[in-house]
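Structure first, commentary second.
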Amino acid sequence: MATTVRATYTNGVFMPLDPVDLEEGAEVTVSMGSVPSGSGLSAIVEAVRELHKTIPSEAWDVLPTDLARNKKHYLYGHPKEDSD
């Protein structure tokens with residue numbers, strides 16, 4: 001069973017930020033990912049910026065220009081809405 005545990009890393013040791021239900025000496029596998037610094041809106045903006053960097057620039061060129069208006073068409077096959 002997979003569980004996500006937030007932890008800090010200090011002096012070569014991972015320290016959980018919350019209690020964990022493990023027996024002393026239990027072996028676990030650790031998958032690491034950094035947590036955006038800050039909180040609230042600034043953390044969300046930073047996460048979006050980092051995600052944006054992972055998308056190839058040519059991928060933006062193939063997006064439809066009416067995606068926001070016709071999202072139901074592109075997601076679910078609804079008829080397209082006419083532009084005003």
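Residues are referred to by chain and number: the chain letter is A, B, ... according to the order shown in the structure tokens, the number counts from 1 in that chain, and ligands are numbered separately from 1 in the order shown.
Running DSSP on the backbone and keeping only strand (DSSP E or B), the residues of chain A that qualify are Ala7, Thr8, Tyr9, Thr10, Val13, Phe14, Met15 and Pro16 of chain A.
For the atom pair formed by CA of Pro16 in chain A and CA of Arg49 in chain A, the distance is 27.7 Å, given to one decimal.
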Using only C-alpha atoms, the best pick from A:Glu81, A:Leu75, A:Phe14, A:Val48 as closest to Val28 in chain A would be A:Phe14
